[in-house]
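What follows is the content of upload_23.txt, which has compact mmCIF, C-alpha atoms (C1' of nucleotides):
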# COMPACT_ATOMS: atom_id res chain seq x y z
CA MET P 1337 -30.23 5.96 -30.33
CA THR P 1338 -27.70 8.66 -29.55
CA GLN P 1339 -27.28 9.16 -25.85
CA LEU P 1340 -25.82 12.66 -25.97
CA LYS P 1341 -27.22 13.17 -22.53
CA SER P 1342 -27.59 10.61 -19.81
CA PHE P 1343 -29.51 11.21 -16.64
CA HIS P 1344 -26.34 11.30 -14.63
CA HIS P 1345 -24.28 14.02 -16.15
CA GLY P 1346 -20.96 12.77 -14.93
CA ASP P 1347 -19.09 16.04 -14.96
CA LEU P 1348 -21.77 18.50 -13.97
CA LYS P 1349 -19.76 20.28 -11.33
CA ARG P 1350 -17.13 21.28 -13.86
CA VAL P 1351 -19.73 22.26 -16.44
CA LEU P 1352 -21.57 24.38 -13.89
CA PHE P 1353 -18.35 26.12 -12.99
CA ASP P 1354 -17.44 26.83 -16.61
CA VAL P 1355 -20.89 28.06 -17.50
CA ALA P 1356 -20.99 30.26 -14.40
CA LEU P 1357 -17.62 31.78 -15.25
CA ALA P 1358 -18.79 32.52 -18.78
CA ARG P 1359 -21.88 34.23 -17.44
CA LEU P 1360 -19.78 36.17 -14.95
CA ASP P 1361 -17.54 37.51 -17.69
CA GLU P 1362 -20.44 38.40 -19.92
CA HIS P 1363 -23.13 39.67 -17.57
CA GLY P 1364 -21.40 40.25 -14.25
CA ALA P 1365 -22.18 38.53 -10.98
CA SER P 1366 -25.87 39.43 -11.19
CA GLY P 1367 -26.05 37.27 -14.30
CA VAL P 1368 -24.81 34.24 -12.42
CA THR P 1369 -28.07 32.82 -11.12
CA ILE P 1370 -28.56 29.21 -10.16
CA ARG P 1371 -31.40 28.81 -12.62
CA ALA P 1372 -29.66 30.45 -15.55
CA VAL P 1373 -26.50 28.45 -14.96
CA ALA P 1374 -28.53 25.25 -14.74
CA LYS P 1375 -30.27 26.13 -17.98
CA ASP P 1376 -26.97 26.81 -19.76
CA ALA P 1377 -25.66 23.50 -18.47
CA GLY P 1378 -28.75 21.76 -19.76
CA VAL P 1379 -29.98 20.47 -16.42
CA SER P 1380 -32.96 21.23 -14.24
CA HIS P 1381 -32.93 24.13 -11.82
CA GLY P 1382 -32.59 21.83 -8.86
CA ALA P 1383 -29.57 19.93 -10.08
CA PRO P 1384 -26.80 22.34 -9.03
CA VAL P 1385 -27.58 21.96 -5.34
CA ASN P 1386 -25.79 18.61 -5.36
CA HIS P 1387 -22.52 20.33 -6.28
CA TYR P 1388 -22.87 23.83 -4.84
CA LYS P 1389 -25.10 24.10 -1.83
CA ASP P 1390 -26.34 27.54 -2.76
CA ARG P 1391 -25.62 30.52 -4.98
CA ARG P 1392 -23.10 31.89 -2.53
CA ALA P 1393 -21.12 28.66 -2.65
CA LEU P 1394 -21.01 28.78 -6.44
CA LEU P 1395 -19.83 32.39 -6.50
CA THR P 1396 -17.29 31.66 -3.78
CA ALA P 1397 -15.91 28.80 -5.88
CA LEU P 1398 -15.55 31.19 -8.81
CA ALA P 1399 -13.81 33.76 -6.64
CA LYS P 1400 -11.50 31.17 -5.17
CA ALA P 1401 -10.31 30.14 -8.61
CA GLN P 1402 -9.71 33.75 -9.57
CA PHE P 1403 -7.69 34.45 -6.45
CA ASP P 1404 -5.64 31.42 -7.34
CA ALA P 1405 -5.16 32.65 -10.88
CA LEU P 1406 -4.05 36.04 -9.63
CA LEU P 1407 -1.50 34.56 -7.25
CA THR P 1408 -0.23 32.17 -9.90
CA GLY P 1409 0.15 35.05 -12.33
CA ILE P 1410 2.16 36.99 -9.79
CA ASP P 1411 4.41 34.07 -8.92
CA THR P 1412 4.99 33.18 -12.56
CA ARG P 1413 6.13 36.68 -13.35
CA LEU P 1414 8.24 36.90 -10.22
CA ALA P 1415 10.06 33.72 -11.13
CA GLU P 1416 11.54 35.42 -14.16
CA LEU P 1417 13.13 38.17 -12.11
CA ASP P 1418 16.25 38.34 -9.99
CA ASP P 1419 16.39 39.55 -6.40
CA ASP P 1420 16.18 43.28 -7.07
CA PRO P 1421 13.07 44.32 -5.13
CA GLY P 1422 12.21 47.32 -7.31
CA PRO P 1423 11.26 45.42 -10.44
CA ARG P 1424 9.68 42.70 -8.35
CA ILE P 1425 7.33 45.12 -6.64
CA GLU P 1426 6.54 46.67 -9.99
CA ILE P 1427 5.69 43.31 -11.52
CA ILE P 1428 3.38 42.43 -8.65
CA ALA P 1429 1.62 45.75 -9.07
CA SER P 1430 1.15 45.47 -12.80
CA ALA P 1431 0.01 41.87 -12.49
CA MET P 1432 -2.80 42.97 -10.20
CA MET P 1433 -3.74 45.89 -12.40
CA ASP P 1434 -3.70 43.82 -15.55
CA PHE P 1435 -5.95 41.22 -13.99
CA GLY P 1436 -8.49 43.81 -12.96
CA PHE P 1437 -8.69 45.53 -16.31
CA ARG P 1438 -8.68 42.32 -18.29
CA TYR P 1439 -11.41 40.62 -16.27
CA PRO P 1440 -13.45 43.41 -14.69
CA HIS P 1441 -16.33 41.24 -13.50
CA ARG P 1442 -14.03 38.64 -12.04
CA TYR P 1443 -12.11 41.32 -10.23
CA ARG P 1444 -15.24 42.91 -8.85
CA LEU P 1445 -16.44 39.53 -7.59
CA LEU P 1446 -13.28 39.12 -5.53
CA TRP P 1447 -14.33 42.05 -3.35
CA SER P 1448 -18.06 41.51 -3.21
CA ALA P 1449 -18.47 40.72 0.45
CA ASP P 1450 -22.21 40.32 0.02
CA LEU P 1451 -21.84 37.67 -2.69
CA ILE P 1452 -18.94 35.49 -1.63
CA ASP P 1453 -17.61 34.08 1.61
CA HIS P 1454 -14.50 36.02 2.50
CA SER P 1455 -13.90 33.84 5.53
CA ASP P 1456 -13.33 30.85 3.29
CA ALA P 1457 -10.05 29.29 4.40
CA GLU P 1458 -8.62 28.87 0.92
CA ILE P 1459 -9.43 32.45 -0.04
CA LEU P 1460 -7.86 33.78 3.14
CA SER P 1461 -4.82 31.66 2.41
CA VAL P 1462 -4.37 33.09 -1.08
CA MET P 1463 -4.82 36.62 0.23
CA ASP P 1464 -2.18 36.00 2.83
CA SER P 1465 0.15 34.71 0.16
CA ILE P 1466 -0.29 37.80 -1.98
CA TYR P 1467 0.26 39.94 1.06
CA ASP P 1468 3.38 37.94 1.89
CA ARG P 1469 4.78 38.52 -1.59
CA LEU P 1470 4.50 42.25 -1.06
CA CYS P 1471 5.93 42.17 2.44
CA ALA P 1472 8.85 40.04 1.33
CA GLU P 1473 9.89 42.64 -1.20
CA PHE P 1474 9.42 45.61 1.07
CA SER P 1475 11.46 43.97 3.78
CA LYS P 1476 14.34 44.04 1.31
CA ALA P 1477 13.55 47.39 -0.27
CA VAL P 1478 12.50 49.86 2.37
CA PRO P 1479 15.04 52.53 3.07
CA GLY P 1480 15.27 54.36 6.36
CA ARG P 1481 11.74 55.68 6.50
CA ASP P 1482 9.45 55.67 9.49
CA PHE P 1483 7.13 52.92 8.30
CA ASP P 1484 7.35 49.17 8.56
CA LYS P 1485 7.02 46.79 5.65
CA ASP P 1486 3.40 46.01 6.53
CA THR P 1487 2.42 49.62 6.11
CA TYR P 1488 4.07 49.77 2.71
CA ALA P 1489 2.39 46.55 1.67
CA VAL P 1490 -1.04 47.70 2.82
CA ALA P 1491 -0.54 51.09 1.20
CA LEU P 1492 0.52 49.71 -2.16
CA TRP P 1493 -2.18 47.07 -2.29
CA SER P 1494 -4.75 49.66 -1.26
CA MET P 1495 -3.61 52.02 -3.96
CA LEU P 1496 -3.70 49.33 -6.62
CA HIS P 1497 -7.07 48.02 -5.58
CA GLY P 1498 -8.53 51.49 -5.22
CA TYR P 1499 -7.31 52.57 -8.60
CA VAL P 1500 -8.64 49.49 -10.37
CA ASP P 1501 -11.94 49.56 -8.51
CA MET P 1502 -12.58 53.21 -9.24
CA ARG P 1503 -11.60 52.78 -12.86
CA LEU P 1504 -14.09 49.91 -13.09
CA SER P 1505 -16.71 52.29 -11.74
CA GLY P 1506 -16.02 54.59 -14.65
CA MET P 1507 -13.80 57.07 -12.86
CA PHE P 1508 -10.78 58.81 -14.35
CA GLU P 1509 -12.13 57.96 -17.78
CA PRO P 1510 -11.22 61.31 -19.34
CA LEU P 1511 -7.63 60.52 -18.47
CA ASN P 1512 -7.67 58.10 -21.36
CA ASP P 1513 -6.06 55.28 -19.51
CA SER P 1514 -6.73 51.63 -20.24
CA ILE P 1515 -4.36 49.16 -18.70
CA SER P 1516 -1.28 49.14 -16.55
CA GLY P 1517 0.91 49.92 -19.53
CA ALA P 1518 -1.03 53.07 -20.28
CA PRO P 1519 0.01 56.45 -18.94
CA ARG P 1520 -2.03 56.79 -15.77
CA GLY P 1521 -1.80 53.26 -14.47
CA LYS P 1522 1.93 53.31 -15.11
CA ALA P 1523 2.24 56.64 -13.36
CA ILE P 1524 0.46 55.31 -10.30
CA ILE P 1525 2.94 52.50 -10.02
CA ASP P 1526 5.87 54.76 -10.77
CA LEU P 1527 4.75 57.16 -8.10
CA PHE P 1528 4.81 54.46 -5.51
CA LYS P 1529 8.37 53.58 -6.45
CA ILE P 1530 9.48 56.71 -4.65
CA PHE P 1531 9.21 54.64 -1.50
CA PHE P 1532 11.80 52.09 -2.41
CA GLU P 1533 14.08 53.56 -5.03
CA MET D 286 -62.15 59.65 13.57
CA THR D 287 -58.41 59.97 13.64
CA GLN D 288 -56.96 60.27 10.17
CA LEU D 289 -53.47 59.15 10.98
CA LYS D 290 -53.23 58.03 7.42
CA SER D 291 -54.92 59.58 4.45
CA PHE D 292 -54.96 58.02 1.03
CA HIS D 293 -52.60 60.63 -0.28
CA HIS D 294 -49.58 60.43 1.87
CA GLY D 295 -48.39 63.93 1.25
CA ASP D 296 -44.71 63.40 1.92
CA LEU D 297 -44.17 59.90 0.67
CA LYS D 298 -41.05 60.65 -1.34
CA ARG D 299 -39.24 61.84 1.76
CA VAL D 300 -40.52 58.94 3.85
CA LEU D 301 -39.42 56.45 1.19
CA PHE D 302 -35.98 58.01 1.14
CA ASP D 303 -35.62 57.91 4.92
CA VAL D 304 -36.87 54.36 5.21
CA ALA D 305 -34.58 53.26 2.40
CA LEU D 306 -31.59 54.88 4.07
CA ALA D 307 -32.42 53.15 7.33
CA ARG D 308 -32.62 49.81 5.54
CA LEU D 309 -29.35 50.52 3.76
CA ASP D 310 -27.54 51.16 7.03
CA GLU D 311 -29.01 48.12 8.69
CA HIS D 312 -29.11 45.48 5.96
CA GLY D 313 -26.95 46.83 3.15
CA ALA D 314 -28.08 47.62 -0.37
CA SER D 315 -29.57 44.16 -0.84
CA GLY D 316 -32.02 45.01 1.93
CA VAL D 317 -33.28 48.03 0.05
CA THR D 318 -36.04 46.48 -2.02
CA ILE D 319 -38.98 48.41 -3.42
CA ARG D 320 -41.45 46.21 -1.64
CA ALA D 321 -39.73 46.24 1.74
CA VAL D 322 -39.34 50.00 1.61
CA ALA D 323 -42.98 50.40 0.68
CA LYS D 324 -43.98 48.17 3.57
CA ASP D 325 -41.88 50.13 6.05
CA ALA D 326 -43.41 53.33 4.74
CA GLY D 327 -46.86 51.87 5.21
CA VAL D 328 -47.93 52.03 1.58
CA SER D 329 -48.63 49.45 -1.09
CA HIS D 330 -45.86 47.96 -3.17
CA GLY D 331 -46.89 49.94 -6.22
CA ALA D 332 -46.84 53.34 -4.58
CA PRO D 333 -43.11 54.12 -4.83
CA VAL D 334 -43.12 54.13 -8.61
CA ASN D 335 -44.70 57.58 -8.53
CA HIS D 336 -41.61 58.98 -6.83
CA TYR D 337 -38.79 56.72 -7.93
CA LYS D 338 -39.26 55.13 -11.29
CA ASP D 339 -37.46 51.94 -10.31
CA ARG D 340 -35.16 50.47 -7.72
CA ARG D 341 -32.09 51.84 -9.45
CA ALA D 342 -33.51 55.37 -9.23
CA LEU D 343 -34.11 54.99 -5.52
CA LEU D 344 -30.60 53.70 -4.85
CA THR D 345 -29.14 56.41 -7.06
CA ALA D 346 -30.99 59.02 -5.01
CA LEU D 347 -29.52 57.53 -1.85
CA ALA D 348 -26.04 57.55 -3.34
CA LYS D 349 -26.41 61.10 -4.55
CA ALA D 350 -27.24 62.31 -1.05
CA GLN D 351 -24.24 60.48 0.38
CA PHE D 352 -21.87 61.93 -2.16
CA ASP D 353 -23.23 65.32 -1.19
CA ALA D 354 -22.73 64.58 2.48
CA LEU D 355 -19.15 63.49 1.84
CA LEU D 356 -18.33 66.65 -0.09
CA THR D 357 -20.01 68.83 2.50
CA GLY D 358 -18.04 67.11 5.24
CA ILE D 359 -14.81 67.76 3.40
CA ASP D 360 -15.60 71.40 2.74
CA THR D 361 -16.72 72.02 6.30
CA ARG D 362 -13.48 70.67 7.68
CA LEU D 363 -11.42 72.53 5.09
CA ALA D 364 -13.04 75.82 6.04
CA GLU D 365 -11.47 75.60 9.48
CA LEU D 366 -7.95 75.38 8.10
CA ASP D 367 -5.55 77.92 6.70
CA ASP D 368 -3.77 77.68 3.36
CA ASP D 369 -1.10 75.17 4.36
CA PRO D 370 -1.71 72.29 1.91
CA GLY D 371 -0.28 69.56 4.17
CA PRO D 372 -3.00 69.65 6.82
CA ARG D 373 -5.62 70.30 4.18
CA ILE D 374 -4.75 67.16 2.28
CA GLU D 375 -4.67 65.25 5.53
CA ILE D 376 -8.15 66.47 6.48
CA ILE D 377 -9.59 65.49 3.11
CA ALA D 378 -8.09 62.05 3.49
CA SER D 379 -9.38 61.45 6.99
CA ALA D 380 -12.82 62.80 6.08
CA MET D 381 -13.12 60.16 3.37
CA MET D 382 -11.82 57.41 5.62
CA ASP D 383 -14.09 58.38 8.48
CA PHE D 384 -17.10 58.37 6.23
CA GLY D 385 -16.34 54.89 4.93
CA PHE D 386 -15.82 53.35 8.35
CA ARG D 387 -18.75 55.09 9.94
CA TYR D 388 -21.25 54.21 7.22
CA PRO D 389 -19.93 51.08 5.55
CA HIS D 390 -23.06 50.27 3.57
CA ARG D 391 -23.45 53.82 2.36
CA TYR D 392 -19.84 53.87 1.27
CA ARG D 393 -20.16 50.58 -0.55
CA LEU D 394 -23.23 51.85 -2.37
CA LEU D 395 -21.28 54.80 -3.76
CA TRP D 396 -19.14 52.42 -5.80
CA SER D 397 -21.73 49.84 -6.77
CA ALA D 398 -21.83 50.40 -10.49
CA ASP D 399 -24.42 47.66 -10.89
CA LEU D 400 -26.85 49.27 -8.46
CA ILE D 401 -26.64 53.00 -9.10
CA ASP D 402 -26.30 55.24 -12.11
CA HIS D 403 -22.76 56.57 -12.15
CA SER D 404 -23.49 58.69 -15.18
CA ASP D 405 -25.98 60.75 -13.17
CA ALA D 406 -25.04 64.39 -13.73
CA GLU D 407 -25.25 65.40 -10.07
CA ILE D 408 -23.13 62.47 -8.96
CA LEU D 409 -20.50 63.22 -11.59
CA SER D 410 -20.51 66.82 -10.46
CA VAL D 411 -19.86 65.93 -6.83
CA MET D 412 -17.09 63.55 -7.83
CA ASP D 413 -15.49 66.27 -9.87
CA SER D 414 -15.69 68.61 -6.92
CA ILE D 415 -13.98 66.15 -4.61
CA TYR D 416 -11.33 65.59 -7.23
CA ASP D 417 -10.90 69.35 -7.59
CA ARG D 418 -10.35 69.73 -3.86
CA LEU D 419 -7.48 67.29 -4.04
CA CYS D 420 -5.97 68.82 -7.16
CA ALA D 421 -6.16 72.29 -5.68
CA GLU D 422 -4.05 71.25 -2.72
CA PHE D 423 -1.52 69.29 -4.74
CA SER D 424 -1.05 72.18 -7.12
CA LYS D 425 0.17 74.14 -4.11
CA ALA D 426 2.00 71.32 -2.41
CA VAL D 427 3.85 69.23 -4.92
CA PRO D 428 7.58 69.60 -4.75
CA GLY D 429 9.86 69.06 -7.70
CA ARG D 430 8.88 65.48 -8.46
CA ASP D 431 8.15 64.00 -11.84
CA PHE D 432 4.40 63.76 -11.48
CA ASP D 433 1.64 66.27 -12.08
CA LYS D 434 -1.03 67.18 -9.57
CA ASP D 435 -3.58 64.90 -11.25
CA THR D 436 -1.41 61.89 -10.68
CA TYR D 437 -1.04 62.73 -7.00
CA ALA D 438 -4.77 63.28 -6.69
CA VAL D 439 -5.63 60.01 -8.41
CA ALA D 440 -3.01 58.15 -6.39
CA LEU D 441 -4.18 59.48 -3.03
CA TRP D 442 -7.87 58.96 -3.75
CA SER D 443 -7.11 55.47 -5.02
CA MET D 444 -5.17 54.64 -1.90
CA LEU D 445 -7.89 55.93 0.38
CA HIS D 446 -10.67 54.19 -1.48
CA GLY D 447 -8.73 50.98 -1.78
CA TYR D 448 -7.89 50.90 1.89
CA VAL D 449 -11.44 51.57 2.99
CA ASP D 450 -12.92 49.14 0.50
CA MET D 451 -10.59 46.32 1.46
CA ARG D 452 -11.13 46.98 5.14
CA LEU D 453 -14.86 46.76 4.55
CA SER D 454 -14.25 43.39 2.92
CA GLY D 455 -12.65 42.22 6.14
CA MET D 456 -9.02 42.63 5.13
CA PHE D 457 -6.23 43.77 7.41
CA GLU D 458 -8.43 42.86 10.35
CA PRO D 459 -5.61 41.40 12.43
CA LEU D 460 -3.95 44.80 12.24
CA ASN D 461 -6.53 45.93 14.76
CA ASP D 462 -7.37 49.15 13.01
CA SER D 463 -10.76 50.79 13.16
CA ILE D 464 -10.94 54.33 11.94
CA SER D 465 -8.65 56.96 10.52
CA GLY D 466 -7.40 57.88 13.95
CA ALA D 467 -6.27 54.35 14.57
CA PRO D 468 -2.71 53.22 13.85
CA ARG D 469 -2.99 51.74 10.40
CA GLY D 470 -5.37 54.20 8.81
CA LYS D 471 -3.29 57.02 10.23
CA ALA D 472 -0.12 55.42 8.94
CA ILE D 473 -1.56 55.13 5.45
CA ILE D 474 -2.25 58.84 5.40
CA ASP D 475 1.09 59.68 6.98
CA LEU D 476 2.87 57.60 4.43
CA PHE D 477 1.34 59.59 1.63
CA LYS D 478 2.55 62.81 3.19
CA ILE D 479 6.01 61.96 1.99
CA PHE D 480 4.89 63.39 -1.32
CA PHE D 481 4.18 66.87 -0.13
CA GLU D 482 6.15 67.48 3.03
C1' DA N 1489 -25.79 -11.64 -11.37
C1' DT N 1490 -29.15 -9.37 -8.44
C1' DT N 1491 -30.29 -6.39 -5.11
C1' DC N 1492 -29.66 -2.66 -2.23
C1' DG N 1493 -27.98 1.88 -1.13
C1' DC N 1494 -26.28 6.18 -2.33
C1' DA N 1495 -25.33 9.90 -5.39
C1' DT N 1496 -27.55 12.56 -8.54
C1' DA N 1497 -31.32 14.61 -11.30
C1' DT N 1498 -36.22 16.09 -11.79
C1' DA N 1499 -40.44 18.50 -10.73
C1' DG N 1500 -43.25 21.14 -7.97
C1' DA N 1501 -43.99 24.41 -4.39
C1' DC N 1502 -43.26 28.63 -1.67
C1' DA N 1503 -41.95 33.17 -0.61
C1' DC N 1504 -39.65 36.58 -2.25
C1' DT N 1505 -38.20 40.12 -5.99
C1' DG N 1506 -39.07 44.22 -9.87
C1' DT N 1507 -42.14 46.00 -12.93
C1' DC N 1508 -46.27 46.75 -15.52
C1' DA N 1509 -51.40 47.64 -16.37
C1' DA N 1510 -55.91 48.54 -14.76
C1' DT N 1511 -58.43 50.67 -11.25
C1' DA N 1512 -59.61 53.63 -7.37
C1' DT N 1513 -59.15 57.76 -4.80
C1' DA N 1514 -58.14 62.48 -3.62
C1' DA N 1515 -56.41 66.99 -4.59
C1' DT N 1516 -56.11 70.73 -7.82
C1' DT N 1517 -57.41 73.37 -11.46
C1' DG N 1518 -60.59 75.57 -14.70
C1' DC W 285 -69.17 72.17 -9.51
C1' DA W 286 -66.82 69.50 -13.19
C1' DA W 287 -62.72 67.86 -15.18
C1' DT W 288 -58.08 67.00 -15.07
C1' DT W 289 -54.06 65.56 -12.77
C1' DA W 290 -51.43 63.35 -9.20
C1' DT W 291 -51.14 59.65 -6.31
C1' DA W 292 -52.20 55.02 -4.27
C1' DT W 293 -54.13 50.27 -4.62
C1' DT W 294 -54.54 45.86 -6.52
C1' DG W 295 -53.51 42.14 -9.33
C1' DA W 296 -50.65 39.95 -12.64
C1' DC W 297 -46.34 38.17 -14.68
C1' DA W 298 -41.77 36.51 -15.03
C1' DG W 299 -37.93 36.02 -12.58
C1' DT W 300 -35.18 34.57 -8.32
C1' DG W 301 -33.24 31.07 -4.27
C1' DT W 302 -34.26 27.25 -1.77
C1' DC W 303 -36.75 23.39 0.08
C1' DT W 304 -39.21 18.80 -0.39
C1' DA W 305 -40.73 14.72 -2.49
C1' DT W 306 -39.85 11.79 -6.22
C1' DA W 307 -37.39 9.48 -9.91
C1' DT W 308 -33.26 7.59 -11.88
C1' DG W 309 -29.08 5.14 -12.49
C1' DC W 310 -24.42 3.91 -10.97
C1' DG W 311 -21.61 0.86 -7.99
C1' DA W 312 -20.79 -1.96 -4.51
C1' DA W 313 -21.99 -5.81 -1.51
C1' DT W 314 -24.09 -10.05 -1.18
Written as structure tokens, how would this file's structure read?
Amino acid sequence: MTQLKSFHHGDLKRVLFDVALARLDEHGASGVTIRAVAKDAGVSHGAPVNHYKDRRALLTALAKAQFDALLTGIDTRLAELDDDPGPRIEIIASAMMDFGFRYPHRYRLLWSADLIDHSDAEILSVMDSIYDRLCAEFSKAVPGRDFDKDTYAVALWSMLHGYVDMRLSGMFEPLNDSISGAPRGKAIIDLFKIFFE
Amino acid sequence: MTQLKSFHHGDLKRVLFDVALARLDEHGASGVTIRAVAKDAGVSHGAPVNHYKDRRALLTALAKAQFDALLTGIDTRLAELDDDPGPRIEIIASAMMDFGFRYPHRYRLLWSADLIDHSDAEILSVMDSIYDRLCAEFSKAVPGRDFDKDTYAVALWSMLHGYVDMRLSGMFEPLNDSISGAPRGKAIIDLFKIFFE
DNA sequence: ATTCGCATATAGACACTGTCAATATAATTG
DNA sequence: CAATTATATTGACAGTGTCTATATGCGAAT
């Protein structure tokens, strides 16, 4: 009598997370429904509530992990560089762009205020960290212009996010761009370098 | 016998649009459901299909009108200026920012690829027009830098959109900004002026 | 070792949702 | 006036999130 499946799943929370992430990548956030995720995990539609109190909590957990991944990606790449702020800013920028183009649905989820809880402490913490990375570089890099490092940080992050978000909406398609290495994305980053080079 | 309400509504399409816009402003796009709109309009839940074939069509109609309004706002403000590209670029930028902060849910709808049809010909046309307005100014304004007018246009629009979108997600709140006239939004625009002044 | 309690899973219900088909009504056209 | 067309109603169906009552099984305390 094979017991491939016991009543108590044992690791359901993890399975739910993995299944939800797979559905996010494939169908977007609208494809991540409690019932569909439960079905994919092989449990009843009521089971997930024990691990994620509602759909919002599940999506917030997904977003949290992606914010973490983004920050980790940035820090990993930064660790390979020396103190020169120019390349460091550039690597932060391309890390963010790469993430967005590689995982469009994950990226979109990060900014879906109606789907996730942006006041989540861990999410706020990661956002602050990313912001700090930018500020740290600009505090070293800014020449004698009339703006403080916060303005540069907000401006660069805004530009990166706006570019990725609009590209994910199908804009600028005729420009034949694809990822940060491609002409337009690269140009956007290069353009911003005027501020610190 | 007062006939406040005849079987044939007469102007239902307009009423549906108005009611939907009101719901959008108040509850966001998720509050614009076919059935709720029908209820507010005082008709049965099946009536709207005669005017908007599905929910996506209704939301696309809303978005279309808002894109139009944005373009009209830009052109109206531009008409009051002379040929100097600096102020003209600035007015385009603040028009977009103002729109986003004044009508957050409308702005968010414009970029909700999952809710509206971004391949709609009229919407594409308005987007092209907005893009053209930016390019036209940068073709007059760009100094001897290494980027073409398209790159400046994409970069500025990206920055504006990114800033508004992130602000609408609750970011940069501690900076105590509110609208384009306020410190941070103004600074973002001022910062970009480095490219053409 | 047995029993009790708690964590977890199930199953059913409810109120929503979008969308479709069948029907009813009114306006318009021939 | 009759017939066609446009428009609105009603009911159905499959989804959805979320709540409640119930069932199950693990682990810990007796």
* To do: Go through D:Cys420, D:Ile408, D:Val317, D:Val449 one by one, measure the shortest atom-to-atom distance of each to chain N using all atoms listed in the file, and give the residue with the smallest value.
  =>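 Using all atoms listed in the file, the shortest distance to chain N belongs to D:Val317.
Those residues that approach DC1504 (chain N) to within 10 Å, counting all atoms listed in the file, are Arg320 of chain D; DT300 and DG301 of chain W; same-chain residues fewer than 6 positions away are not listed.
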Give one line per residue of chain N that approaches region 290-298 of chain W to at most 10 Å, naming the two atoms of the closest pair and their distance in Å to one decimal, counting all atoms listed in the file; sort by chain then ascending residue number and deliver it as a Markdown table.
| residue | atom | partner | partner_atom | distance |
| --- | --- | --- | --- | --- |
| N:DG1506 | C1' | W:DA298 | C1' | 9.7 |
| N:DT1507 | C1' | W:DC297 | C1' | 9.1 |
| N:DC1508 | C1' | W:DA296 | C1' | 8.6 |
| N:DA1509 | C1' | W:DA296 | C1' | 8.6 |
| N:DA1510 | C1' | W:DG295 | C1' | 8.7 |
| N:DT1511 | C1' | W:DT294 | C1' | 7.8 |
| N:DA1512 | C1' | W:DT293 | C1' | 7.0 |
| N:DT1513 | C1' | W:DA292 | C1' | 7.5 |
| N:DA1514 | C1' | W:DT291 | C1' | 8.0 |
| N:DA1515 | C1' | W:DA290 | C1' | 7.7 |
| N:DT1516 | C1' | W:DA290 | C1' | 8.8 |
Which residues, written as a PDB file with C-alpha atoms (C1' of nucleotides), in the coordinates of the input, have at least one atom at most 12 Å from DC1494 (chain N), with all atoms listed in the file counted and residues fewer than 5 positions away on the same chain left out?
ATOM      1  C1'  DT W 308     -33.260   7.590 -11.880  1.00  0.00           C
ATOM      2  C1'  DG W 309     -29.080   5.140 -12.490  1.00  0.00           C
ATOM      3  C1'  DC W 310     -24.420   3.910 -10.970  1.00  0.00           C
ATOM      4  C1'  DG W 311     -21.610   0.860  -7.990  1.00  0.00           C
ATOM      5  C1'  DA W 312     -20.790  -1.960  -4.510  1.00  0.00           C
TER       6       DA W 312
END
* Asked: Which of these, P:Pro1423, P:Gly1346, P:Pro1440, P:Gly1364, has the shortest distance to chain D once you count all atoms listed in the file?
  ->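 Of P:Pro1423, P:Gly1346, P:Pro1440, P:Gly1364, the one nearest chain D, counting all atoms listed in the file, is P:Gly1364.
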* Which chain N residues are at most 7 Å from chain P (counting all atoms listed in the file), as a ChimeraX atom specification? -> /N:1496-1498
* What residues in chain D have any atom no more than 7 Å from chain P when counting only C-alpha atoms, and can you write them as a PyMOL selection string? -> chain D and resi 396+398+436+440+443-444+446-448+454+472-473
* Asked: What is the distance between CA of Thr318 (chain D) and CA of Asp405 (chain D), in Å to one decimal?
  -> 20.7 Å
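Across the model, the gap from CA of Asp1404 (chain P) to CA of Glu1362 (chain P) is 20.6 Å.
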* Asked: Which value, in Å to one decimal, gives the distance between CA of Tyr1443 (chain P) and CA of Ser1461 (chain P)?
  -> 17.5 Å
* Structure fact -> Closest of P:Asp1420, P:Glu1426, P:Asp1354, P:Asp1411 to Asp1376 (chain P), counting only C-alpha atoms, is P:Asp1354
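Considering only C-alpha atoms (C1' of nucleotides), the residue among D:Gly358, D:Gly385, D:Pro370, D:Gly327 positioned nearest to chain W is D:Gly327.
Minimum distance to chain W across P:Leu1360, P:Ala1372, P:Leu1352, P:Ile1466 (counting all atoms listed in the file) occurs at P:Ala1372.
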